[in-house]
Structures are given as C-alpha cells and as structure tokens.
$ cat target_13.txt   # compact mmCIF, C-alpha atoms and all ligand atoms
# COMPACT_ATOMS: atom_id res chain seq x y z
CA MET O 74 24.73 -60.33 216.43
CA GLN O 75 27.33 -62.22 214.45
CA PRO O 76 29.10 -60.32 211.64
CA ALA O 77 27.36 -62.64 209.16
CA PHE O 78 24.00 -61.22 210.25
CA TRP O 79 24.98 -57.69 209.20
CA MET O 80 26.81 -58.85 206.05
CA GLU O 81 23.59 -60.55 204.99
CA ARG O 82 21.43 -57.52 205.80
CA TRP O 83 23.63 -55.35 203.61
CA SER O 84 24.01 -57.87 200.78
CA GLU O 85 20.23 -58.41 200.66
CA GLY O 86 19.51 -54.69 200.91
CA LYS O 87 17.55 -55.15 204.16
CA ILE O 88 18.65 -51.80 205.53
CA GLY O 89 15.42 -50.25 206.79
CA PHE O 90 17.53 -48.43 209.38
CA HIS O 91 19.14 -46.33 206.63
CA GLU O 92 17.29 -43.00 206.63
CA GLY O 93 18.73 -41.62 203.39
CA ALA O 94 18.69 -38.11 204.87
CA PRO O 95 20.26 -36.48 207.92
CA ASN O 96 18.67 -37.67 211.13
CA ALA O 97 16.09 -35.19 212.42
CA PHE O 98 17.54 -35.13 215.95
CA LEU O 99 21.02 -34.55 214.59
CA ALA O 100 19.81 -31.66 212.44
CA ARG O 101 18.00 -30.18 215.45
CA HIS O 102 20.73 -30.67 218.05
CA ALA O 103 24.03 -30.61 216.16
CA SER O 104 24.69 -27.23 217.78
CA ARG O 105 25.28 -29.12 221.07
CA ILE O 106 28.52 -30.53 219.65
CA ALA O 107 29.28 -27.71 217.18
CA ASP O 108 32.46 -26.65 218.95
CA ARG O 109 33.87 -30.17 219.00
CA ARG O 110 35.92 -30.77 215.89
CA ARG O 111 36.54 -34.52 215.49
CA VAL O 112 33.43 -36.64 215.81
CA LEU O 113 33.43 -40.43 216.13
CA VAL O 114 30.45 -42.18 214.54
CA PRO O 115 30.46 -45.86 215.60
CA LEU O 116 28.48 -48.40 213.58
CA CYS O 117 27.87 -45.72 210.96
CA GLY O 118 26.48 -47.74 208.04
CA LYS O 119 26.34 -45.42 205.04
CA SER O 120 24.48 -42.78 206.99
CA GLU O 121 23.94 -39.31 205.53
CA ASP O 122 24.84 -38.10 209.00
CA LEU O 123 28.52 -38.55 208.09
CA ALA O 124 28.14 -36.03 205.25
CA TYR O 125 25.97 -33.75 207.40
CA LEU O 126 28.61 -33.56 210.12
CA ALA O 127 31.38 -32.95 207.56
CA ALA O 128 29.32 -30.18 205.97
CA HIS O 129 29.08 -28.58 209.41
CA ASP O 130 32.85 -28.28 209.79
CA HIS O 131 33.51 -31.49 211.66
CA GLU O 132 36.14 -34.03 210.86
CA VAL O 133 34.32 -37.35 210.92
CA ILE O 134 35.62 -40.79 211.86
CA GLY O 135 33.10 -43.53 211.16
CA ILE O 136 33.41 -47.21 212.04
CA GLU O 137 31.46 -49.78 210.03
CA LEU O 138 31.76 -53.55 209.94
CA VAL O 139 30.55 -54.11 206.38
CA GLU O 140 33.03 -52.83 203.83
CA ASP O 141 30.41 -52.82 201.04
CA ALA O 142 28.46 -50.27 203.07
CA VAL O 143 31.56 -48.10 203.34
CA ARG O 144 32.18 -48.35 199.59
CA ALA O 145 28.54 -47.49 198.95
CA PHE O 146 28.76 -44.38 201.12
CA PHE O 147 31.66 -42.92 199.15
CA ALA O 148 30.26 -43.99 195.77
CA GLU O 149 26.91 -42.37 196.56
CA HIS O 150 28.73 -39.15 197.37
CA ASP O 151 30.78 -39.24 194.16
CA ALA O 152 33.94 -39.48 196.22
CA THR O 153 37.00 -41.57 195.42
CA PRO O 154 38.49 -42.35 198.83
CA SER O 155 42.06 -43.31 199.49
CA ILE O 156 42.15 -46.81 200.96
CA THR O 157 44.82 -48.10 203.28
CA ARG O 158 44.92 -51.30 205.31
CA ARG O 159 46.01 -51.46 208.94
CA GLY O 160 45.75 -54.84 210.63
CA PRO O 161 42.11 -55.93 210.47
CA LEU O 162 40.90 -52.50 209.29
CA ALA O 163 40.49 -50.93 205.86
CA ILE O 164 40.69 -47.17 206.19
CA TYR O 165 38.70 -45.12 203.66
CA THR O 166 39.33 -41.38 203.55
CA SER O 167 37.94 -38.61 201.41
CA GLY O 168 38.10 -34.98 202.50
CA ALA O 169 36.93 -34.62 206.10
CA ILE O 170 35.46 -38.11 206.28
CA THR O 171 37.35 -41.25 207.27
CA VAL O 172 35.56 -44.54 207.73
CA LEU O 173 37.29 -47.49 209.34
CA ALA O 174 35.89 -50.66 207.80
CA GLY O 175 36.03 -53.39 210.43
CA ASP O 176 34.71 -54.56 213.78
CA VAL O 177 34.36 -51.72 216.29
CA PHE O 178 35.88 -54.01 218.93
CA ALA O 179 39.05 -54.34 216.81
CA VAL O 180 39.54 -50.55 216.69
CA ASN O 181 41.95 -48.90 219.10
CA GLU O 182 42.67 -45.36 220.25
CA ALA O 183 45.48 -44.87 217.72
CA ASP O 184 43.15 -45.88 214.88
CA VAL O 185 40.63 -43.13 215.64
CA GLY O 186 43.06 -40.43 216.77
CA ALA O 187 41.98 -37.52 218.97
CA ILE O 188 38.20 -37.49 219.34
CA ASP O 189 36.15 -34.55 220.66
CA ALA O 190 32.60 -35.94 220.46
CA ILE O 191 30.63 -39.09 219.68
CA TYR O 192 27.47 -39.34 217.59
CA ASP O 193 25.59 -42.60 218.13
CA ARG O 194 22.42 -43.11 216.14
CA ALA O 195 21.23 -46.72 215.95
CA ALA O 196 24.58 -48.07 217.16
CA LEU O 197 23.84 -48.82 220.83
CA ILE O 198 20.38 -50.07 219.83
CA ALA O 199 21.86 -52.33 217.14
CA LEU O 200 23.60 -54.36 219.85
CA PRO O 201 22.01 -57.10 221.98
CA PRO O 202 21.82 -56.51 225.75
CA GLU O 203 24.91 -58.58 226.58
CA LEU O 204 27.09 -56.50 224.23
CA ARG O 205 25.94 -53.02 225.20
CA ARG O 206 28.02 -52.64 228.38
CA ARG O 207 31.05 -54.04 226.53
CA TYR O 208 30.46 -51.54 223.71
CA LEU O 209 30.38 -48.63 226.16
CA ASP O 210 33.48 -49.88 227.98
CA HIS O 211 35.23 -50.16 224.62
CA LEU O 212 34.17 -46.65 223.51
CA ARG O 213 35.69 -45.39 226.75
CA THR O 214 39.06 -46.81 225.66
CA LEU O 215 38.86 -44.85 222.38
CA VAL O 216 38.07 -41.35 223.62
CA PRO O 217 39.10 -39.05 226.48
CA SER O 218 37.10 -39.37 229.65
CA ARG O 219 33.87 -37.25 229.72
CA THR O 220 33.73 -36.91 225.91
CA GLN O 221 30.28 -35.58 224.94
CA ALA O 222 28.02 -37.93 223.05
CA LEU O 223 24.84 -37.21 221.13
CA LEU O 224 22.90 -40.45 221.45
CA VAL O 225 19.74 -41.50 219.60
CA THR O 226 17.85 -44.53 220.96
CA LEU O 227 14.56 -46.34 220.58
CA GLU O 228 12.23 -47.69 223.26
CA TYR O 229 9.37 -50.11 222.66
CA PRO O 230 7.94 -53.20 224.37
CA GLN O 231 10.70 -55.73 223.62
CA ASP O 232 8.32 -58.66 224.21
CA LYS O 233 6.32 -57.57 221.15
CA LEU O 234 9.19 -57.85 218.66
CA ASP O 235 12.77 -59.07 218.47
CA GLY O 236 15.65 -56.70 217.74
CA PRO O 237 17.63 -55.31 216.17
CA PRO O 238 16.84 -52.52 216.59
CA PHE O 239 16.64 -53.33 220.29
CA SER O 240 14.66 -51.38 222.81
CA VAL O 241 17.03 -49.50 225.11
CA PRO O 242 14.89 -47.93 227.83
CA GLU O 243 15.77 -44.71 229.56
CA THR O 244 16.73 -46.61 232.74
CA GLU O 245 19.37 -48.55 230.81
CA VAL O 246 20.68 -45.42 229.11
CA ARG O 247 21.09 -43.85 232.56
CA ALA O 248 22.82 -46.98 233.88
CA LEU O 249 25.30 -46.83 231.00
CA TYR O 250 25.73 -43.05 230.94
CA ALA O 251 25.37 -41.62 234.43
CA SER O 252 25.15 -38.06 233.11
CA ALA O 253 22.60 -38.66 230.32
CA GLU O 254 20.36 -35.65 229.71
CA LEU O 255 17.22 -36.30 227.68
CA ILE O 256 17.03 -33.46 225.16
CA ASP O 257 14.34 -34.61 222.72
CA GLU O 258 11.89 -37.40 221.99
CA ARG O 259 9.22 -38.28 219.47
CA LEU O 260 6.97 -41.16 218.45
CA ALA O 261 8.78 -43.29 215.90
CA THR O 262 7.15 -43.35 212.49
CA GLY O 263 8.10 -45.85 209.80
CA GLY O 264 10.71 -48.54 210.21
CA ARG O 265 10.22 -52.18 211.15
CA ILE O 266 8.81 -51.49 214.63
CA ALA O 267 6.17 -48.97 213.58
CA ASP O 268 5.32 -51.09 210.51
CA ALA O 269 4.57 -54.01 212.87
CA GLY O 270 2.03 -51.80 214.66
CA VAL O 271 4.19 -51.50 217.78
CA SER O 272 4.51 -48.00 219.11
CA ALA O 273 8.02 -46.84 219.82
CA ILE O 274 9.63 -43.70 221.15
CA GLU O 275 12.87 -42.33 219.76
CA ARG O 276 14.92 -40.44 222.29
CA CYS O 277 17.87 -38.15 221.94
CA TYR O 278 20.32 -37.64 224.82
CA LEU O 279 23.41 -35.65 225.50
CA ALA O 280 25.74 -37.68 227.65
CA ALA O 281 29.34 -37.87 228.74
CA VAL O 282 31.10 -41.09 227.85
C1 LIG H 1 21.27 -50.26 212.73
S1 LIG H 1 22.60 -49.93 211.67
C2 LIG H 1 22.83 -48.18 211.92
C3 LIG H 1 23.70 -47.55 210.90
C4 LIG H 1 23.84 -46.02 211.03
N1 LIG H 1 24.25 -45.62 212.36
C5 LIG H 1 22.57 -45.32 210.62
O1 LIG H 1 22.07 -44.52 211.43
O2 LIG H 1 22.10 -45.55 209.49
C6 LIG H 1 23.95 -50.67 212.54
C7 LIG H 1 25.21 -50.76 211.71
O3 LIG H 1 26.26 -51.26 212.52
C8 LIG H 1 27.06 -52.13 211.77
N2 LIG H 1 27.71 -53.02 212.75
C9 LIG H 1 27.15 -54.03 213.45
N3 LIG H 1 28.03 -54.61 214.28
C10 LIG H 1 29.19 -53.92 214.12
C11 LIG H 1 30.48 -54.05 214.71
N4 LIG H 1 30.75 -54.98 215.61
N5 LIG H 1 31.44 -53.18 214.32
C12 LIG H 1 31.19 -52.21 213.40
N6 LIG H 1 29.97 -52.05 212.81
C13 LIG H 1 28.99 -52.90 213.16
C14 LIG H 1 26.09 -52.82 210.82
O4 LIG H 1 26.71 -53.34 209.68
C15 LIG H 1 25.13 -51.68 210.50
O5 LIG H 1 25.53 -50.97 209.36
$ encode --input "target_13.txt" --output "structure tokens"
Amino acid sequence: MQPAFWMERWSEGKIGFHEGAPNAFLARHASRIADRRRVLVPLCGKSEDLAYLAAHDHEVIGIELVEDAVRAFFAEHDATPSITRRGPLAIYTSGAITVLAGDVFAVNEADVGAIDAIYDRAALIALPPELRRRYLDHLRTLVPSRTQALLVTLEYPQDKLDGPPFSVPETEVRALYASAELIDERLATGGRIADAGVSAIERCYLAAV
C-alpha cells in the first residue's frame, strides 16, 4: 500500500480496524510477555493496546506512518507529548509511551532502543504479500534475535475480498516465523470482512522473531 492510501483512510475516518478497546487476545495473553519490559508495537495506529501495555508496566514504542493518528492517540488520552524530530521521524513521548511517527521501513535500531518483545495486531495483515517478508526482515534488524512476539492475524478466503486487512494463513505465518505457536483463535465478528458476509478466523500466536 502506498502511504497515500493510509493517509486517506485516516483523513476520511475509514478506520474500521480501530477497536477502541484493548484487543481481546492481548488482554487474555499479555501474561506471555509480562516479564518483557520494552514492547515494540509496529503499525500501531491509535490503538488502545498502547495504553493497555503501558498500564501493565511496559514501556511502549509504537511506530505509525500517519502523524494525525499519533496526535489523535495522545489527545484522546489527555496527554501532551513531547515532540522531537529525528531525520524522517517525529518522536512523540508521554510517560511510558513513545510513538515514532513515520514509515516503519525508515526506522532503525537506534530509534527504537532496546526491545524485549513485539506486539503485532493488524500490522502484518495490513501489508500486501510482497511486503510481508521485507517487513519481517526489517523487524529482525530492530530487535535482538529470538525476541518474543505476540502476533494477531486474520485468515479468510482472499479470493472473496481484497485486503487490507489481508488474509495471512497459518502456513504463511509458519513460513515467516519458524517457531510460531498458535495460542488462541476465534471467529471474527464485525469489521469489513465479517460485514461482507465472509467468514474469517482471527488467530493469536507466540513466535520468536
Ligand atoms: C490495520 S491498521 C492497524 C492499527 C493498529 N495496529 C490497531 O490494531 O488498531 C494498520 C496501520 O498501519 C499504518 N501503516 C501502514 N503502513 C505503514 C508503514 N509503512 N509504516 C508505519 N505505519 C504504517 C497505517 O496508517 C495504519 O494505522
């Protein structure tokens, strides 16, 4: 997807992916990463998961392309972040939450600092097939080898509907993350896919990046 696609989605308020509450899988399985202090949340939007993780004693580093989404996150949490600029990134920080506004592919290891875990909900599945391997390879440059990731994906018949969100079947998850362990799944309710009458399964994995 071109950046303009996401800019437009945010400016037109077409953000059906935004849950407005902590993700159910995160709430159920956050204990799996509880002992890992600094959590990277790529393609974070203005997700409540950022606040949920911070409330559970994590330091949170989000990455989001659309700066308006980043501003909205802090405004909706009555926070006045400090804002600094570093190269192509705008860095918003308030308390335990830092969000890097910019393209994930422009972020480097020094930008995110030491990372102990990754939380990916609707990030991998936001990317088209040709970008997903590149995304994983890039994540691997940002974090120590074997960093634990909590990963939330969606699987549905891709021929029935175009993404995003894209269907990322279990076989592909296992090709990207050799160690992926499926820890939860449920039928997706609501959202664009379910609304179109296409049945989809949300899956939650624990995997080493
Ligand atoms: C499907 S949304 C998921 C947002 C969030 N994870 C959530 O659960 O609500 C994908 C987000 O990734 C952002 N995004 C897309 N491409 C990106 C990129 N190259 N770098 C950083 N963020 C990107 C979009 O603006 C959008 O907010």
$ residues_around --input "target_13.txt" --residues "Tyr278 (chain O)" --least-positions-apart "3" --cutoff "8 Å" --atoms "only C-alpha atoms" --output "VMD selection string"
chain O and resid 222 to 225 253 to 257
$ closest_residue --input "target_13.txt" --among "O:Ile88, O:Ala280, O:Ala169, O:Ile106" --to "Pro238 (chain O)" --atoms "all atoms listed in the file"
O:Ile88
$ atom_distance --input "target_13.txt" --atom1 "CA of Trp83 (chain O)" --atom2 "atom C8 of ligand LIG 1 (chain H)"
9.4 Å
$ atom_distance --input "target_13.txt" --atom1 "CA of Ala107 (chain O)" --atom2 "CA of Leu209 (chain O)"
22.8 Å
$ residues_around --input "target_13.txt" --residues "region 185-193 of chain O" --least-positions-apart "5" --cutoff "10 Å" --atoms "only C-alpha atoms" --output "ChimeraX atom specification"
/O:99,103,106-117,122-123,126,131-136,171-173,180,198,212,215-217,219-226,277-282
$ residues_near_ligand --input "target_13.txt" --ligand "ligand LIG 1 (chain H)" --cutoff "6 Å" --atoms "all atoms listed in the file" --output "list in words"
Trp79, Phe90, His91, Leu116, Cys117, Gly118, Ser120, Ile136, Glu137, Leu138, Val139, Gly175, Asp176, Val177, Arg194, Ala195, Ala196 and Ala199 of chain O
$ write_last_selection --input "target_13.txt" --atoms "C-alpha atoms" --output "short mmCIF file (atom, residue, chain, number, x, y, z; two decimals), keeping the file's coordinate frame"
data_model
loop_
_atom_site.label_atom_id
_atom_site.label_comp_id
_atom_site.auth_asym_id
_atom_site.auth_seq_id
_atom_site.Cartn_x
_atom_site.Cartn_y
_atom_site.Cartn_z
CA TRP O 79 24.98 -57.69 209.20
CA PHE O 90 17.53 -48.43 209.38
CA HIS O 91 19.14 -46.33 206.63
CA LEU O 116 28.48 -48.40 213.58
CA CYS O 117 27.87 -45.72 210.96
CA GLY O 118 26.48 -47.74 208.04
CA SER O 120 24.48 -42.78 206.99
CA ILE O 136 33.41 -47.21 212.04
CA GLU O 137 31.46 -49.78 210.03
CA LEU O 138 31.76 -53.55 209.94
CA VAL O 139 30.55 -54.11 206.38
CA GLY O 175 36.03 -53.39 210.43
CA ASP O 176 34.71 -54.56 213.78
CA VAL O 177 34.36 -51.72 216.29
CA ARG O 194 22.42 -43.11 216.14
CA ALA O 195 21.23 -46.72 215.95
CA ALA O 196 24.58 -48.07 217.16
CA ALA O 199 21.86 -52.33 217.14
#
$ residues_around --input "target_13.txt" --residues "Glu275 (chain O)" --least-positions-apart "2" --cutoff "8 Å" --atoms "only C-alpha atoms" --output "MDAnalysis selection string"
chainID O and resid 225:228 258:261 273 277
$ residues_around --input "target_13.txt" --residues "Thr153 (chain O)" --least-positions-apart "4" --cutoff "12 Å" --atoms "only C-alpha atoms" --output "JSON, numbers by chain"
{"O": [143, 144, 145, 146, 147, 148, 149, 165, 166, 167, 168, 170, 171]}
$ residues_around --input "target_13.txt" --residues "Pro95 (chain O)" --least-positions-apart "5" --cutoff "7 Å" --atoms "all atoms listed in the file" --output "JSON, numbers by chain"
{"O": [100, 121, 122, 125]}
$ atom_distance --input "target_13.txt" --atom1 "CA of Asn96 (chain O)" --atom2 "CA of Ala142 (chain O)"
17.9 Å
$ closest_residue --input "target_13.txt" --among "O:Gly263, O:Pro201, O:Pro242, O:Pro76" --to "Glu140 (chain O)" --atoms "all atoms listed in the file"
O:Pro76
$ closest_residue --input "target_13.txt" --among "O:Ala124, O:His129, O:Arg205, O:Ser155" --to "Ala248 (chain O)" --atoms "only C-alpha atoms"
O:Arg205
$ axis_aligned_box --input "target_13.txt" --around "region 126-143 of chain O" --padding-each-side "8 Å" --output "JSON"
{"center_x": 32.3, "center_y": -41.2, "center_z": 206.5, "size_x": 23.7, "size_y": 41.8, "size_z": 27.0}
$ closest_residue --input "target_13.txt" --among "O:Leu249, O:Ala128, O:Ala94, O:Leu234" --to "Arg206 (chain O)" --atoms "all atoms listed in the file"
O:Leu249
